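Engineer: My file is input-v2.csv. It has CSV, C-alpha atoms and all ligand atoms:
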chain,number,residue,atom,x,y,z
A,1,MET,CA,-8.7,-12.0,11.6
A,2,ARG,CA,-6.8,-10.1,8.9
A,3,LYS,CA,-5.7,-6.5,9.6
A,4,LYS,CA,-7.7,-3.6,8.4
A,5,ILE,CA,-5.4,-0.9,7.1
A,6,VAL,CA,-5.7,2.6,5.7
A,7,ALA,CA,-2.3,3.8,4.4
A,8,GLY,CA,-1.7,7.3,3.0
A,9,ASN,CA,0.9,7.8,0.2
A,10,TRP,CA,2.0,11.4,0.2
A,11,LYS,CA,4.2,10.8,-2.9
A,12,MET,CA,6.6,13.7,-3.6
A,13,ASN,CA,4.6,16.4,-1.8
A,14,LEU,CA,5.1,18.6,1.3
A,15,ASP,CA,8.2,20.3,2.5
A,16,TYR,CA,9.4,19.7,6.0
A,17,ALA,CA,7.2,22.2,7.8
A,18,GLY,CA,4.2,21.2,5.7
A,19,GLY,CA,4.7,17.5,6.5
A,20,ILE,CA,4.9,18.1,10.2
A,21,SER,CA,1.8,20.3,10.2
A,22,LEU,CA,-0.4,17.9,8.2
A,23,PHE,CA,0.8,14.8,10.1
A,24,SER,CA,0.2,16.5,13.5
A,25,GLU,CA,-3.4,17.2,12.4
A,26,ILE,CA,-3.8,13.6,11.3
A,27,VAL,CA,-2.5,12.2,14.5
A,28,ASN,CA,-4.7,14.3,16.7
A,29,MET,CA,-7.8,13.5,14.6
A,30,VAL,CA,-7.0,9.8,14.5
A,31,ARG,CA,-6.4,9.7,18.3
A,32,ASP,CA,-9.7,11.5,19.0
A,33,GLU,CA,-11.9,9.8,16.3
A,34,LYS,CA,-10.7,6.3,15.5
A,35,LYS,CA,-12.8,3.7,17.2
A,36,GLY,CA,-11.9,0.3,15.7
A,37,ASP,CA,-8.7,-1.7,15.6
A,38,GLN,CA,-7.9,-0.5,12.0
A,39,ILE,CA,-4.3,0.6,11.4
A,40,ALA,CA,-3.6,4.1,10.1
A,41,ILE,CA,-0.3,4.6,8.2
A,42,ILE,CA,1.3,7.5,6.4
A,43,CYS,CA,4.0,6.8,3.8
A,44,ALA,CA,5.9,10.0,3.5
A,45,PRO,CA,9.0,11.2,1.6
A,46,TYR,CA,12.3,10.3,3.3
A,47,ILE,CA,13.0,13.7,4.8
A,48,HIS,CA,9.9,13.4,7.0
A,49,LEU,CA,10.3,9.8,8.3
A,50,ASN,CA,12.4,10.4,11.4
A,51,SER,CA,10.3,13.2,12.7
A,52,LEU,CA,6.9,11.6,11.9
A,53,ALA,CA,7.9,8.3,13.5
A,54,LYS,CA,8.5,10.2,16.7
A,55,LEU,CA,5.2,12.2,16.5
A,56,GLY,CA,3.1,9.2,15.4
A,57,GLY,CA,3.7,6.9,18.3
A,58,ASP,CA,1.2,4.1,18.3
A,59,VAL,CA,-1.5,6.3,16.8
A,60,VAL,CA,-0.3,6.6,13.2
A,61,LYS,CA,2.4,4.3,11.8
A,62,ILE,CA,5.0,5.4,9.3
A,63,GLY,CA,6.0,4.0,6.0
A,64,ALA,CA,8.5,4.8,3.3
A,65,GLN,CA,7.5,4.9,-0.4
A,66,ASN,CA,10.5,2.9,-1.7
A,67,CYS,CA,13.9,1.6,-0.7
A,68,HIS,CA,17.0,0.1,-2.3
A,69,GLN,CA,17.5,-3.6,-2.7
A,70,ASN,CA,21.0,-3.6,-1.2
A,71,ASP,CA,22.1,-3.0,2.4
A,72,SER,CA,24.7,-0.2,1.8
A,73,GLY,CA,27.3,0.9,-0.6
A,74,ALA,CA,28.0,3.2,-3.6
A,75,TYR,CA,24.4,3.9,-4.7
A,76,THR,CA,24.4,7.6,-4.6
A,77,GLY,CA,21.0,9.1,-3.7
A,78,GLU,CA,19.5,5.8,-2.5
A,79,ILE,CA,18.2,4.8,0.9
A,80,SER,CA,18.3,1.2,2.3
A,81,ALA,CA,15.6,-0.7,4.2
A,82,GLY,CA,17.9,-0.7,7.2
A,83,MET,CA,18.1,3.1,7.2
A,84,VAL,CA,14.4,3.4,6.9
A,85,LYS,CA,14.0,1.0,9.8
A,86,SER,CA,16.5,2.9,11.9
A,87,VAL,CA,14.3,6.0,12.1
A,88,GLY,CA,11.2,4.1,13.2
A,89,CYS,CA,9.4,3.2,10.0
A,90,GLU,CA,7.4,0.0,10.0
A,91,TYR,CA,6.2,-0.2,6.4
A,92,VAL,CA,7.6,0.3,2.9
A,93,ILE,CA,5.6,0.6,-0.3
A,94,ILE,CA,7.1,-1.6,-2.9
A,95,GLY,CA,6.2,-1.6,-6.6
A,96,HIS,CA,4.0,1.4,-6.8
A,97,SER,CA,2.9,1.8,-10.4
A,98,GLU,CA,4.8,5.2,-10.5
A,99,ARG,CA,8.0,3.4,-9.6
A,100,ARG,CA,7.3,0.7,-12.2
A,101,GLN,CA,6.5,3.3,-14.9
A,102,TYR,CA,9.0,6.2,-14.2
A,103,PHE,CA,11.9,4.2,-12.7
A,104,ALA,CA,11.5,1.0,-14.8
A,105,GLU,CA,11.2,-1.2,-11.7
A,106,SER,CA,10.7,-4.8,-12.9
A,107,ASN,CA,9.0,-7.5,-11.0
A,108,GLU,CA,12.4,-9.2,-10.4
A,109,LEU,CA,13.8,-6.0,-8.9
A,110,LEU,CA,10.7,-5.6,-6.7
A,111,ALA,CA,11.1,-9.2,-5.5
A,112,GLU,CA,14.7,-8.3,-4.3
A,113,LYS,CA,13.4,-5.2,-2.6
A,114,THR,CA,10.6,-7.2,-0.9
A,115,VAL,CA,13.1,-9.7,0.5
A,116,LYS,CA,15.3,-6.9,1.8
A,117,VAL,CA,12.4,-5.1,3.4
A,118,LEU,CA,11.3,-8.3,5.2
A,119,ALA,CA,14.9,-9.1,6.3
A,120,ASN,CA,14.9,-5.7,8.1
A,121,GLY,CA,11.8,-6.5,10.0
A,122,LEU,CA,9.6,-4.1,8.0
A,123,THR,CA,6.3,-4.8,6.3
A,124,PRO,CA,6.2,-4.5,2.5
A,125,ILE,CA,3.0,-3.0,1.0
A,126,PHE,CA,3.4,-4.7,-2.4
A,127,CYS,CA,1.5,-3.0,-5.2
A,128,ILE,CA,0.1,-4.7,-8.3
A,129,GLY,CA,-2.2,-3.3,-10.9
A,130,GLU,CA,-3.1,-3.3,-14.6
A,131,THR,CA,-3.1,-0.4,-17.1
A,132,LEU,CA,-6.2,0.8,-18.9
A,133,GLU,CA,-5.1,-1.1,-22.0
A,134,GLU,CA,-4.7,-4.3,-20.1
A,135,ARG,CA,-8.1,-3.8,-18.4
A,136,ASN,CA,-9.8,-3.1,-21.8
A,137,ASN,CA,-8.1,-6.0,-23.7
A,138,GLY,CA,-9.1,-8.5,-21.0
A,139,THR,CA,-5.5,-9.5,-20.0
A,140,TYR,CA,-5.6,-8.0,-16.5
A,141,PHE,CA,-5.9,-11.3,-14.6
A,142,ASP,CA,-2.8,-12.6,-16.4
A,143,VAL,CA,-0.9,-9.3,-15.7
A,144,LEU,CA,-1.8,-9.4,-12.0
A,145,LYS,CA,-0.8,-13.1,-11.8
A,146,THR,CA,2.6,-12.4,-13.4
A,147,GLN,CA,3.2,-9.5,-11.0
A,148,LEU,CA,2.4,-11.8,-8.0
A,149,GLU,CA,4.4,-14.8,-9.3
A,150,GLN,CA,7.5,-12.8,-10.2
A,151,GLY,CA,7.2,-10.3,-7.3
A,152,VAL,CA,6.1,-12.1,-4.2
A,153,PHE,CA,5.3,-15.8,-4.8
A,154,GLY,CA,9.0,-16.7,-4.4
A,155,LEU,CA,8.6,-16.0,-0.7
A,156,SER,CA,8.2,-18.8,1.8
A,157,ALA,CA,4.7,-19.1,3.3
A,158,ASP,CA,6.0,-17.6,6.6
A,159,ASP,CA,7.4,-14.6,4.8
A,160,PHE,CA,4.4,-14.1,2.6
A,161,ALA,CA,2.2,-14.1,5.7
A,162,LYS,CA,4.0,-10.9,6.7
A,163,ILE,CA,3.3,-8.8,3.6
A,164,VAL,CA,0.4,-6.6,2.6
A,165,ILE,CA,-0.9,-6.6,-1.0
A,166,ALA,CA,-2.3,-3.4,-2.6
A,167,TYR,CA,-4.4,-3.7,-5.8
A,168,GLU,CA,-4.1,-0.4,-7.6
A,169,PRO,CA,-5.4,-0.3,-11.1
A,170,VAL,CA,-3.1,2.1,-12.9
A,171,TRP,CA,-6.1,3.7,-14.7
A,172,ALA,CA,-7.6,4.7,-11.3
A,173,ILE,CA,-4.6,6.3,-9.7
A,174,GLY,CA,-4.8,10.0,-9.5
A,175,THR,CA,-7.4,10.1,-12.3
A,176,GLY,CA,-10.6,10.5,-10.3
A,177,LEU,CA,-11.7,7.2,-11.9
A,178,THR,CA,-12.3,4.6,-9.2
A,179,ALA,CA,-12.8,1.0,-9.9
A,180,THR,CA,-16.4,0.1,-9.0
A,181,SER,CA,-16.8,-1.9,-5.9
A,182,ASP,CA,-17.7,-4.9,-8.1
A,183,GLN,CA,-14.6,-4.5,-10.2
A,184,ALA,CA,-12.4,-4.1,-7.2
A,185,GLN,CA,-14.0,-7.1,-5.4
A,186,GLU,CA,-13.7,-9.3,-8.4
A,187,VAL,CA,-9.9,-8.6,-8.5
A,188,HIS,CA,-9.4,-8.9,-4.8
A,189,ALA,CA,-11.2,-12.3,-4.8
A,190,TYR,CA,-9.0,-13.4,-7.7
A,191,ILE,CA,-5.8,-12.3,-5.8
A,192,ARG,CA,-6.9,-14.2,-2.7
A,193,LYS,CA,-7.7,-17.3,-4.9
A,194,GLU,CA,-4.2,-17.2,-6.4
A,195,ILE,CA,-2.7,-16.8,-2.9
A,196,ALA,CA,-4.7,-19.9,-1.7
A,197,ALA,CA,-3.5,-21.9,-4.8
A,198,LYS,CA,0.2,-20.9,-4.2
A,199,TYR,CA,0.2,-21.2,-0.4
A,200,SER,CA,-2.9,-22.3,1.4
A,201,SER,CA,-6.4,-21.0,2.1
A,202,GLU,CA,-5.3,-20.2,5.7
A,203,VAL,CA,-2.6,-17.9,4.3
A,204,ALA,CA,-5.0,-16.4,1.8
A,205,ASP,CA,-7.6,-15.7,4.5
A,206,GLU,CA,-5.0,-13.9,6.6
A,207,THR,CA,-3.6,-11.7,3.8
A,208,THR,CA,-4.6,-8.0,4.0
A,209,ILE,CA,-5.4,-6.8,0.5
A,210,LEU,CA,-5.8,-3.0,0.1
A,211,TYR,CA,-7.5,-1.2,-2.8
A,212,GLY,CA,-5.9,2.0,-4.2
A,213,GLY,CA,-7.1,4.3,-6.9
A,214,SER,CA,-9.0,7.6,-6.3
A,215,CYS,CA,-10.3,6.3,-3.1
A,216,ASN,CA,-12.0,9.1,-1.1
A,217,PRO,CA,-14.4,9.6,1.9
A,218,LYS,CA,-17.4,9.2,-0.4
A,219,ASN,CA,-16.5,5.9,-2.0
A,220,ALA,CA,-14.5,4.2,0.8
A,221,ALA,CA,-17.4,2.8,2.6
A,222,GLU,CA,-18.8,0.9,-0.3
A,223,LEU,CA,-15.3,-0.3,-1.4
A,224,PHE,CA,-14.3,-1.4,2.1
A,225,ALA,CA,-17.6,-3.2,2.6
A,226,GLN,CA,-16.6,-5.8,0.0
A,227,THR,CA,-15.7,-9.2,1.4
A,228,ASP,CA,-12.1,-9.2,0.1
A,229,ILE,CA,-11.2,-5.6,0.5
A,230,ASP,CA,-9.3,-4.9,3.8
A,231,GLY,CA,-8.7,-1.2,3.5
A,232,GLY,CA,-7.1,1.3,1.1
A,233,LEU,CA,-3.9,2.8,-0.1
A,234,ILE,CA,-4.7,6.5,-0.5
A,235,GLY,CA,-2.9,9.0,-2.6
A,236,GLY,CA,-4.5,12.4,-3.1
A,237,ALA,CA,-7.0,12.2,-0.3
A,238,SER,CA,-4.1,11.6,2.2
A,239,LEU,CA,-2.9,15.1,1.7
A,240,LYS,CA,-6.1,16.4,3.4
A,241,SER,CA,-6.3,15.5,7.0
A,242,ARG,CA,-10.1,15.5,7.1
A,243,ASP,CA,-10.5,13.3,4.1
A,244,PHE,CA,-7.8,10.9,5.2
A,245,VAL,CA,-9.2,10.5,8.7
A,246,ASP,CA,-12.7,10.1,7.4
A,247,ILE,CA,-11.4,7.2,5.2
A,248,VAL,CA,-9.7,5.7,8.3
A,249,LYS,CA,-13.1,6.1,10.2
A,250,THR,CA,-14.9,4.1,7.6
A,251,PHE,CA,-13.9,1.1,9.8
A,252,ASN,CA,-15.2,2.7,13.0
A,253,SER,CA,-18.6,1.0,13.1
A,301,LIG,C1,-1.7,6.0,-4.9
A,301,LIG,O1,-0.8,6.8,-5.3
A,301,LIG,O2,-1.3,4.9,-4.4
A,301,LIG,C2,-3.1,6.3,-5.1
A,301,LIG,C3,-4.0,5.4,-4.9
A,301,LIG,O3,-3.4,7.6,-5.5
A,301,LIG,P1,-4.8,8.3,-5.6
A,301,LIG,O4,-5.5,7.9,-4.4
A,301,LIG,O5,-4.5,9.7,-5.7
A,301,LIG,O6,-5.5,7.7,-6.8
Take the structure from the file and write it as structure tokens.
Structural biologist:
Amino acid sequence: MRKKIVAGNWKMNLDYAGGISLFSEIVNMVRDEKKGDQIAIICAPYIHLNSLAKLGGDVVKIGAQNCHQNDSGAYTGEISAGMVKSVGCEYVIIGHSERRQYFAESNELLAEKTVKVLANGLTPIFCIGETLEERNNGTYFDVLKTQLEQGVFGLSADDFAKIVIAYEPVWAIGTGLTATSDQAQEVHAYIRKEIAAKYSSEVADETTILYGGSCNPKNAAELFAQTDIDGGLIGGASLKSRDFVDIVKTFNS
């Protein structure tokens, strides 16, 4: 059985006190209200990770939103996977479209980061997704395939089995435009088919594939009910405790 995951991505929001306060609310609500074996994760800015990992315990897991591809050295302003691991993080988002767009992160660089994250015993949440132009001109399957091939298909089957994939159509992130459940399912099924072709149907069946892009408590149930959608990567709605926990609870029944 593949894992069901709801991961929040706080992006560059919340000062220290604000992060502790929101996270404490989320932990209490998840502890009281979550019924299934779904995993709740918050991917927070670096300043929060140490404190949140201690507060979250087994109730809410912690992830970083990025890390550097090297272990240490003269990379002013950067944070390594080992550093993230040392404060109790278990997950790292790799290749979010905002990193690809604003920080020019290439598939090749993201492949290096993924290897480093795995080498440190962390789980990469590897993001792929097409732009609106690529969706409209019909090249989106090719774009997604290239992102997979260059980003993660260099991994051994054993390592690939440890990662989580997040499909996040760029046109749906922070825009209020959600992919329809049919559009999302079509792509998730395609991703799983490509994983099966590269590795095996067993590996594909076990891979958790999240949907991200304006997911909220109203649309989560329909999206997560799709055969190949195993949960969500949640931006805006993860900044509201009630909304985030209601999305987590989509898996309660
Ligand atoms: C994201 O940033 O990963 C995301 C999906 O954002 P939003 O939910 O706000 O669209």
Engineer: Under the rule that all atoms listed in the file are counted, which of A:Asn50, A:Ser200, A:Asn219, A:Ser253 is the nearest residue to ligand LIG 301 (chain A)?
Structural biologist: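 The shortest atom-to-atom distance to ligand LIG 301 (chain A) comes from A:Asn219.
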Engineer: Please identify all polymer residues within 9 Å of region 40-49 of chain A, counting only C-alpha atoms, omitting same-chain residues fewer than 5 positions from it, and present them as JSON, numbers by chain.
Structural biologist: {"A": [4, 5, 6, 7, 8, 9, 10, 11, 12, 13, 14, 15, 16, 19, 20, 23, 30, 54, 59, 60, 61, 62, 63, 64, 65, 79, 84, 87, 88, 89, 91, 92, 93, 238, 245, 248]}
Engineer: Which is closer to ligand LIG 301 (chain A) than all the others in A:Glu194, A:Glu112, A:Asp159, A:Glu98, using all atoms listed in the file?
Structural biologist: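 Closest residue, counting all atoms listed in the file: A:Glu98.
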Engineer: What do you get as a ChimeraX atom specification if you pick all residues at most 10 Å from ligand LIG 301 (chain A), counting only C-alpha atoms and all ligand atoms?
Structural biologist: /A:7-11,43,65,93,96-98,127,166-178,210-216,232-239
Engineer: Identify which of the residues A:Thr76, A:Thr207, A:Asn120, A:Gln147 lies closest to Glu105 (chain A), counting all atoms listed in the file when measuring atom-to-atom distances.
Structural biologist: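 Looking only at the distances to Glu105 (chain A), the closest residue turns out to be A:Gln147.
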Engineer: Take CA of Ser181 (chain A) and CA of Ile229 (chain A) and report the distance between them in Å, one decimal.
Structural biologist: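 A separation of 9.3 Å between them.
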Engineer: Which one is closest to Ala197 (chain A): A:Lys145, A:Lys240, A:Lys113, A:Lys162? Count all atoms listed in the file.
Structural biologist: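 Of A:Lys145, A:Lys240, A:Lys113, A:Lys162, the one nearest Ala197 (chain A), counting all atoms listed in the file, is A:Lys145.
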